[in-house]
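Dumped query35.txt below, it's compact mmCIF, C-alpha atoms:
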```txt
# COMPACT_ATOMS: atom_id res chain seq x y z
CA MET J 1 5.10 5.91 -9.31
CA GLY J 2 5.17 9.65 -8.88
CA TYR J 3 5.21 12.58 -6.55
CA ASP J 4 3.97 16.14 -6.56
CA HIS J 5 4.45 19.20 -4.42
CA PHE J 6 2.96 22.64 -4.18
CA ARG J 7 2.80 25.71 -1.93
CA TYR J 8 -0.28 26.71 0.01
CA PRO J 9 -1.05 30.47 0.07
CA ASP J 10 -0.04 30.51 3.77
CA GLY J 11 3.45 29.22 2.96
CA ARG J 12 3.00 25.58 3.91
CA LEU J 13 4.42 22.92 1.62
CA GLY J 14 2.02 20.32 0.23
CA LEU J 15 3.62 17.02 -0.69
CA CYS J 16 2.38 13.68 -1.91
CA VAL J 17 4.07 10.49 -3.04
CA ALA J 18 1.95 7.92 -4.85
CA ASP J 19 2.24 4.50 -6.43
CA VAL J 20 -0.15 2.95 -8.93
CA SER J 21 -0.78 -0.78 -9.03
CA GLY J 22 0.67 -2.62 -12.01
CA LYS J 23 3.32 -1.46 -14.42
CA GLY J 24 3.84 -0.18 -17.95
CA VAL J 25 1.84 2.24 -20.07
CA PRO J 26 -1.58 1.62 -18.41
CA ALA J 27 -0.09 2.34 -14.97
CA ALA J 28 1.66 5.47 -16.29
CA LEU J 29 -1.59 6.75 -17.80
CA PHE J 30 -3.43 6.05 -14.57
CA MET J 31 -0.83 8.02 -12.61
CA THR J 32 -1.10 10.91 -15.05
CA MET J 33 -4.84 10.96 -14.50
CA THR J 34 -4.30 10.81 -10.73
CA LYS J 35 -2.07 13.88 -10.85
CA GLY J 36 -4.68 15.74 -12.89
CA VAL J 37 -7.54 14.87 -10.56
CA LEU J 38 -5.38 15.69 -7.53
CA ALA J 39 -4.59 19.13 -8.94
CA ALA J 40 -8.30 19.80 -9.48
CA ALA J 41 -9.39 18.38 -6.13
CA ARG J 42 -6.93 20.39 -4.07
CA HIS J 43 -8.26 23.60 -5.62
CA ASP J 44 -11.73 22.66 -4.40
CA SER J 45 -10.67 21.89 -0.86
CA GLY J 46 -7.73 22.62 1.41
CA ASP J 47 -7.85 19.57 3.64
CA TRP J 48 -6.32 16.25 2.75
CA PRO J 49 -9.19 13.97 3.81
CA SER J 50 -11.61 15.79 1.47
CA VAL J 51 -9.09 15.85 -1.37
CA LEU J 52 -8.28 12.15 -1.04
CA THR J 53 -11.94 11.15 -0.76
CA GLU J 54 -12.72 13.05 -3.96
CA LEU J 55 -9.74 11.40 -5.63
CA ASN J 56 -10.89 8.00 -4.38
CA GLY J 57 -14.28 8.48 -6.00
CA HIS J 58 -12.80 9.43 -9.37
CA LEU J 59 -10.27 6.61 -9.45
CA GLY J 60 -12.77 4.00 -8.27
CA GLY J 61 -15.20 5.05 -10.98
CA VAL J 62 -12.60 4.76 -13.72
CA ALA J 63 -10.74 1.65 -12.60
CA ARG J 64 -13.65 -0.27 -11.08
CA ARG J 65 -11.34 -1.72 -8.40
CA ARG J 66 -8.96 -3.33 -10.91
CA SER J 67 -6.31 -0.67 -10.44
CA PHE J 68 -5.62 1.42 -7.41
CA VAL J 69 -3.24 4.07 -6.15
CA THR J 70 -1.51 4.29 -2.80
CA MET J 71 -0.56 7.73 -1.55
CA ALA J 72 1.18 9.39 1.37
CA ALA J 73 0.47 13.09 1.60
CA ALA J 74 1.34 15.87 3.99
CA SER J 75 1.08 19.58 4.60
CA ILE J 76 4.31 20.82 6.16
CA ASP J 77 4.67 24.18 7.88
CA PRO J 78 8.36 25.05 7.42
CA VAL J 79 8.25 27.65 10.19
CA SER J 80 6.41 25.90 13.02
CA GLY J 81 7.28 22.33 12.04
CA VAL J 82 3.65 21.21 12.25
CA VAL J 83 2.88 18.41 9.78
CA ASP J 84 -0.59 17.10 8.88
CA HIS J 85 -0.28 13.68 7.32
CA VAL J 86 -2.65 11.21 5.63
CA ARG J 87 -1.86 7.77 4.29
CA ALA J 88 -4.03 6.07 1.68
CA GLY J 89 -2.67 2.54 1.79
CA HIS J 90 0.88 3.72 1.16
CA ASN J 91 4.07 2.63 2.88
CA PRO J 92 4.29 4.42 6.22
CA VAL J 93 6.37 7.59 6.24
CA LEU J 94 9.51 7.34 8.36
CA TRP J 95 9.86 10.09 10.95
CA ARG J 96 13.41 10.25 12.26
CA ARG J 97 13.45 12.11 15.56
CA ALA J 98 17.17 12.82 15.64
CA ALA J 99 17.28 14.72 18.93
CA ARG J 100 15.39 11.94 20.70
CA GLY J 101 17.22 9.12 18.94
CA GLU J 102 13.93 7.56 17.81
CA SER J 103 12.58 6.35 14.47
CA VAL J 104 8.82 6.15 14.03
CA PHE J 105 6.76 4.86 11.11
CA LEU J 106 3.62 6.98 10.74
CA LYS J 107 0.62 4.72 10.21
CA PRO J 108 -2.62 6.69 10.27
CA ALA J 109 -5.43 4.46 8.97
CA GLY J 110 -6.36 4.72 5.29
CA LEU J 111 -7.35 2.54 2.33
CA GLY J 112 -5.68 2.56 -1.06
CA LEU J 113 -7.37 4.98 -3.49
CA GLY J 114 -9.96 3.38 -5.75
CA LEU J 115 -10.32 0.19 -3.70
CA ALA J 116 -13.59 0.98 -1.95
CA GLY J 117 -16.55 3.35 -2.16
CA ASN J 118 -16.27 6.86 -0.72
CA ALA J 119 -18.29 6.02 2.39
CA SER J 120 -15.88 3.25 3.43
CA PHE J 121 -12.85 5.27 2.36
CA ALA J 122 -13.84 8.31 4.43
CA ARG J 123 -14.85 6.15 7.41
CA VAL J 124 -11.40 4.56 7.60
CA LEU J 125 -9.19 7.57 6.72
CA ARG J 126 -7.47 9.38 9.58
CA MET J 127 -5.26 12.46 9.51
CA GLU J 128 -2.31 12.56 11.90
CA ARG J 129 -0.65 15.75 13.15
CA ILE J 130 2.96 15.69 14.30
CA GLN J 131 5.34 18.36 15.55
CA LEU J 132 8.82 18.30 14.04
CA GLU J 133 11.82 19.29 16.10
CA PRO J 134 15.13 20.65 14.75
CA ARG J 135 17.17 18.00 12.85
CA ASP J 136 14.13 15.72 12.44
CA ALA J 137 13.72 14.04 9.05
CA LEU J 138 10.69 12.80 7.14
CA VAL J 139 11.24 10.07 4.57
CA PHE J 140 8.54 9.35 1.98
CA TYR J 141 9.27 6.34 -0.23
CA SER J 142 7.78 3.74 -2.53
CA ASP J 143 7.85 0.00 -1.92
CA GLY J 144 10.54 -0.20 -4.60
CA ILE J 145 12.92 0.98 -1.84
CA THR J 146 11.94 -1.36 1.00
CA GLU J 147 11.20 -4.32 -1.29
CA ALA J 148 14.43 -4.05 -3.29
CA MET J 149 15.86 -7.56 -3.40
CA ASN J 150 19.40 -8.84 -3.24
CA GLU J 151 20.68 -11.93 -5.02
CA ALA J 152 19.47 -14.11 -2.14
CA ARG J 153 15.96 -12.66 -2.71
CA GLU J 154 16.00 -10.92 0.67
CA GLN J 155 14.28 -7.55 0.89
CA PHE J 156 16.01 -4.30 1.90
CA GLY J 157 13.23 -3.78 4.42
CA GLU J 158 12.25 -1.14 6.94
CA GLU J 159 14.98 -1.97 9.45
CA ARG J 160 17.81 -1.26 7.01
CA LEU J 161 16.04 1.94 5.91
CA CYS J 162 15.82 3.05 9.55
CA GLN J 163 19.50 2.28 10.10
CA VAL J 164 20.66 4.33 7.11
CA VAL J 165 18.51 7.29 8.12
CA GLU J 166 19.73 7.03 11.70
CA ASP J 167 23.32 7.06 10.46
CA CYS J 168 22.50 10.32 8.65
CA ASP J 169 21.49 12.25 11.79
CA GLY J 170 23.03 15.71 11.46
CA ARG J 171 23.31 15.54 7.66
CA ASP J 172 21.16 17.50 5.23
CA ALA J 173 18.22 16.11 3.25
CA ALA J 174 20.10 15.73 -0.04
CA SER J 175 22.95 13.70 1.44
CA THR J 176 20.48 11.58 3.44
CA GLU J 177 18.60 10.79 0.25
CA ALA J 178 21.85 9.94 -1.54
CA ALA J 179 22.89 7.67 1.34
CA ILE J 180 19.59 5.76 1.20
CA LEU J 181 19.83 5.21 -2.55
CA ALA J 182 23.48 4.15 -2.25
CA ALA J 183 22.60 1.67 0.49
CA VAL J 184 19.76 0.17 -1.56
CA ARG J 185 21.99 -0.21 -4.63
CA ALA J 186 24.78 -1.77 -2.58
CA PHE J 187 22.28 -4.20 -1.03
CA MET J 188 20.87 -5.21 -4.44
CA GLY J 189 24.32 -6.02 -5.81
CA LYS J 190 23.91 -7.50 -9.28
CA SER J 191 20.23 -8.37 -9.00
CA PRO J 192 18.05 -6.53 -11.52
CA PRO J 193 15.63 -3.82 -10.34
CA HIS J 194 12.34 -5.35 -9.25
CA ASP J 195 10.30 -2.16 -9.04
CA ASP J 196 10.74 1.55 -9.60
CA MET J 197 11.87 3.69 -6.68
CA THR J 198 10.67 7.07 -5.48
CA LEU J 199 12.19 8.78 -2.50
CA PHE J 200 11.67 12.15 -0.83
CA VAL J 201 13.61 13.28 2.23
CA GLY J 202 12.82 16.44 4.17
CA ARG J 203 14.95 17.77 7.03
CA PHE J 204 13.60 20.36 9.50
CA ASP J 205 16.15 22.96 10.60
CA MET O 1 12.71 -16.37 -15.22
CA PRO O 2 9.08 -16.08 -14.02
CA ASN O 3 8.46 -16.72 -10.35
CA ALA O 4 6.63 -19.92 -9.42
CA PHE O 5 2.98 -19.61 -8.51
CA SER O 6 0.10 -22.06 -8.42
CA VAL O 7 -3.54 -22.18 -7.37
CA ASN O 8 -4.92 -25.42 -5.94
CA ARG O 9 -8.67 -25.85 -5.66
CA ARG O 10 -10.82 -27.89 -3.31
CA GLU O 11 -14.34 -27.73 -1.94
CA GLU O 12 -15.77 -27.85 1.58
CA GLY O 13 -19.55 -28.04 1.17
CA SER O 14 -20.64 -24.92 -0.67
CA VAL O 15 -17.32 -23.15 -0.09
CA VAL O 16 -14.47 -23.21 -2.61
CA ILE O 17 -10.97 -23.03 -1.17
CA LEU O 18 -8.28 -21.66 -3.45
CA SER O 19 -4.82 -22.34 -2.03
CA LEU O 20 -2.24 -19.88 -3.29
CA VAL O 21 1.37 -21.00 -3.41
CA GLY O 22 4.40 -18.90 -4.29
CA PHE O 23 4.80 -15.40 -5.78
CA LEU O 24 1.68 -13.44 -6.73
CA ASP O 25 2.93 -10.60 -8.92
CA ALA O 26 2.22 -8.97 -12.29
CA HIS O 27 3.34 -12.13 -14.11
CA THR O 28 1.27 -14.59 -12.09
CA ALA O 29 -1.78 -12.47 -11.21
CA PRO O 30 -3.73 -13.51 -14.37
CA LEU O 31 -3.66 -17.13 -13.16
CA PHE O 32 -5.30 -16.18 -9.85
CA GLU O 33 -7.69 -13.80 -11.59
CA LYS O 34 -8.85 -16.62 -13.87
CA ALA O 35 -9.29 -18.97 -10.91
CA ILE O 36 -11.56 -16.54 -9.06
CA GLY O 37 -13.35 -15.52 -12.26
CA ASP O 38 -14.12 -19.14 -13.12
CA GLU O 39 -15.74 -19.66 -9.71
CA HIS O 40 -17.77 -16.47 -9.98
CA THR O 41 -19.05 -17.17 -13.48
CA SER O 42 -20.04 -20.70 -12.47
CA GLY O 43 -22.07 -19.26 -9.59
CA ARG O 44 -19.77 -20.27 -6.75
CA ASN O 45 -19.41 -17.13 -4.68
CA GLU O 46 -18.31 -18.46 -1.30
CA ILE O 47 -14.56 -18.44 -1.67
CA VAL O 48 -11.67 -18.73 0.76
CA ALA O 49 -8.23 -17.70 -0.44
CA ASP O 50 -5.88 -19.89 1.58
CA CYS O 51 -2.73 -17.77 1.75
CA ALA O 52 -0.58 -20.08 3.89
CA GLY O 53 1.71 -20.79 0.92
CA LEU O 54 1.70 -17.26 -0.45
CA THR O 55 5.22 -15.95 0.07
CA TYR O 56 5.08 -12.65 -1.82
CA ILE O 57 2.42 -10.33 -3.19
CA SER O 58 2.86 -7.24 -5.36
CA SER O 59 0.37 -4.46 -6.06
CA ALA O 60 -0.81 -6.30 -9.19
CA GLY O 61 -1.60 -9.31 -7.03
CA LEU O 62 -3.45 -7.17 -4.51
CA GLY O 63 -5.60 -5.81 -7.31
CA VAL O 64 -6.90 -9.31 -8.07
CA PHE O 65 -8.38 -9.61 -4.58
CA MET O 66 -10.28 -6.40 -5.15
CA SER O 67 -11.33 -7.05 -8.74
CA PHE O 68 -14.11 -9.54 -7.95
CA LEU O 69 -14.99 -8.60 -4.37
CA GLU O 70 -17.91 -6.36 -5.27
CA GLU O 71 -19.45 -8.81 -7.76
CA ILE O 72 -19.05 -11.71 -5.35
CA ARG O 73 -20.76 -9.82 -2.53
CA GLU O 74 -23.52 -8.56 -4.81
CA ALA O 75 -24.16 -12.22 -5.64
CA GLY O 76 -24.57 -12.90 -1.91
CA GLY O 77 -21.17 -14.47 -1.36
CA ASP O 78 -17.86 -13.38 0.07
CA LEU O 79 -14.16 -13.69 -0.60
CA LYS O 80 -12.37 -14.43 2.66
CA LEU O 81 -8.64 -14.50 3.25
CA ALA O 82 -7.06 -17.06 5.55
CA ALA O 83 -3.75 -18.11 7.07
CA ILE O 84 -1.70 -15.19 5.78
CA ILE O 85 1.98 -15.31 6.80
CA PRO O 86 3.16 -12.22 8.74
CA LYS O 87 5.32 -10.81 5.93
CA VAL O 88 2.42 -10.89 3.46
CA TYR O 89 -0.11 -9.76 6.08
CA GLN O 90 1.98 -6.63 6.55
CA VAL O 91 1.41 -5.77 2.86
CA PHE O 92 -2.35 -6.33 3.19
CA GLU O 93 -2.39 -4.23 6.36
CA VAL O 94 -0.52 -1.28 4.83
CA LEU O 95 -3.10 -1.12 2.05
CA GLY O 96 -6.03 -1.23 4.49
CA PHE O 97 -7.35 -4.68 3.56
CA PRO O 98 -8.40 -5.56 7.14
CA ALA O 99 -11.11 -2.88 6.83
CA LEU O 100 -12.44 -4.46 3.62
CA PHE O 101 -12.02 -8.21 3.99
CA ASP O 102 -12.85 -10.86 6.52
CA ILE O 103 -9.35 -12.15 7.31
CA ALA O 104 -9.26 -15.38 9.33
CA PRO O 105 -6.25 -16.94 11.04
CA SER O 106 -7.00 -20.32 9.44
CA VAL O 107 -9.08 -21.87 6.66
CA GLU O 108 -11.11 -23.67 9.33
CA GLN O 109 -11.99 -20.34 10.96
CA ALA O 110 -12.93 -18.87 7.57
CA LEU O 111 -15.32 -21.79 7.04
CA VAL O 112 -16.84 -21.15 10.48
CA ASN O 113 -17.26 -17.48 9.56
CA PHE O 114 -19.13 -18.51 6.42
CA SER O 115 -21.43 -20.72 8.53
CA ASN O 116 -22.06 -17.79 10.89
CA GLY O 117 -22.73 -15.33 8.08
CA ILE O 118 -19.78 -13.11 9.00
CA ARG O 119 -18.67 -10.79 6.22
CA GLY O 120 -15.84 -8.31 6.07
CA GLY O 121 -15.68 -4.65 5.21
CA GLU O 122 -18.45 -2.74 3.52
```
Would you mind writing the file's structure down as structure tokens?
Amino acid sequence: MGYDHFRYPDGRLGLCVADVSGKGVPAALFMTMTKGVLAAARHDSGDWPSVLTELNGHLGGVARRRSFVTMAAASIDPVSGVVDHVRAGHNPVLWRRAARGESVFLKPAGLGLGLAGNASFARVLRMERIQLEPRDALVFYSDGITEAMNEAREQFGEERLCQVVEDCDGRDAASTEAAILAAVRAFMGKSPPHDDMTLFVGRFD
Amino acid sequence: MPNAFSVNRREEGSVVILSLVGFLDAHTAPLFEKAIGDEHTSGRNEIVADCAGLTYISSAGLGVFMSFLEEIREAGGDLKLAAIIPKVYQVFEVLGFPALFDIAPSVEQALVNFSNGIRGGE
């Protein structure tokens, strides 16, 4: 599991959260390679669909379908609030529209990276553009958050995640992130961690 | 303690049905991988994964479905998924599997799709 962020020359923030299939040293090495290829690909092209398609080709060639990476990526304009978002098989990003009292999971179509050839990958992939409003939040996360299990083997799930984020309307990104992690840990109780967790919260002011 | 998982095999004409029961995760994925691999190496490439008893799948388990798909299709066969419970289907859907696989609501429908030459994805 990992994430990366960078600044575009025009001031936008680039962000991606990714999860590699499997665990242990092979998965860690695969993620390291993914970060390297991503860094190279985004220098060649500025748009997410091209970057992810190039990444898909590299990962598919190396892993031959036996490992794959899921990724949620976005370009965020901190001034206008315009967000371009792509999702390569990753858990849908939660968009909390605080002023409207709505929570939306962003689900633009997209296959996991390395699962299929570039033609299929590019055919399925869609980029979604949203317009943030003041106090809106974006929550990027790994399945280690929503699939965290309690002692009864129930999963934390998307509904509980939505509820915690809703309860954090009006709070800043850092305290929202802390509240989510605290809620997940409280839910898990004494059960051991099942998967690693990655979480990014952004709040638009 | 490892989670329980089993693969039960039966045949319907030329089609092999592998019924998955329990948790398919990093610990149990090799069992499923061997089951599919055994069919492929013995030349049986029309396979239905009956997922009615599959209660959980992790990314390692998802990788098994992909690992033989290309070889099976190149050999003229297909790997179809059937009877997936909603909680597990959600995981398949997030990853984009409906664009790659022929996913049938029941094993019977998957068998009909084989008879009609329907294939999923690429």
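Between CA of Gln131 in chain J and CA of Val82 in chain J there is a distance of 4.7 Å.
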**Q.** 8 Å contact set for Glu133 in chain J, all atoms listed in the file, chain neighbours under 5 positions out, as a list in words
**A.**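 Counting all atoms listed in the file, the residues come to Gly81, Arg97, Ala99, Phe204 and Asp205 of chain J.
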Take the selection from the previous step and output its residues with C-alpha atoms, as a PDB file, keeping the file's coordinate frame.
```
ATOM      1  CA  GLY J  81       7.280  22.330  12.040  1.00  0.00           C
ATOM      2  CA  ARG J  97      13.450  12.110  15.560  1.00  0.00           C
ATOM      3  CA  ALA J  99      17.280  14.720  18.930  1.00  0.00           C
ATOM      4  CA  PHE J 204      13.600  20.360   9.500  1.00  0.00           C
ATOM      5  CA  ASP J 205      16.150  22.960  10.600  1.00  0.00           C
TER       6      ASP J 205
END
```
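Distance annotation: of O:Glu108, O:Asp25, O:Glu33, O:Glu11, the residue with the minimal separation from Ser59 in chain O is O:Asp25; atom set is all atoms listed in the file.
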Q: To one decimal in Å, tell me the separation between CA of Thr34 in chain J and CA of Glu71 in chain O.
A: 25.0 Å
Q | Check: which chain O residues lie within 8 Å of chain J using only C-alpha atoms, as JSON, numbers by chain | A | {"O": [26, 59, 60, 63, 64, 66, 67, 94, 95, 96, 97, 99, 100, 122]}
Q: Please indicate the distance in Å from CA of Gln155 in chain J to CA of His194 in chain J, rounded to one decimal place.
A: 10.6 Å
Would you place a box with edges along x, y and z of the file around all atoms of range 31-36 of chain O listed there, add 8 Å to each of its six sides, and report the centre and edge lengths in Å to one decimal, as AutoDock Vina command-line options?
```
--center_x -7.6 --center_y -16.4 --center_z -11.5 --size_x 23.9 --size_y 21.2 --size_z 20.8
```
Q) Restricting the calculation to all atoms listed in the file, which member of O:Pro86, O:Gly13, O:Pro30, O:Gly120 is positioned closest to Cys51 in chain O? A)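 Nearest candidate to Cys51 in chain O out of O:Pro86, O:Gly13, O:Pro30, O:Gly120: O:Pro86.
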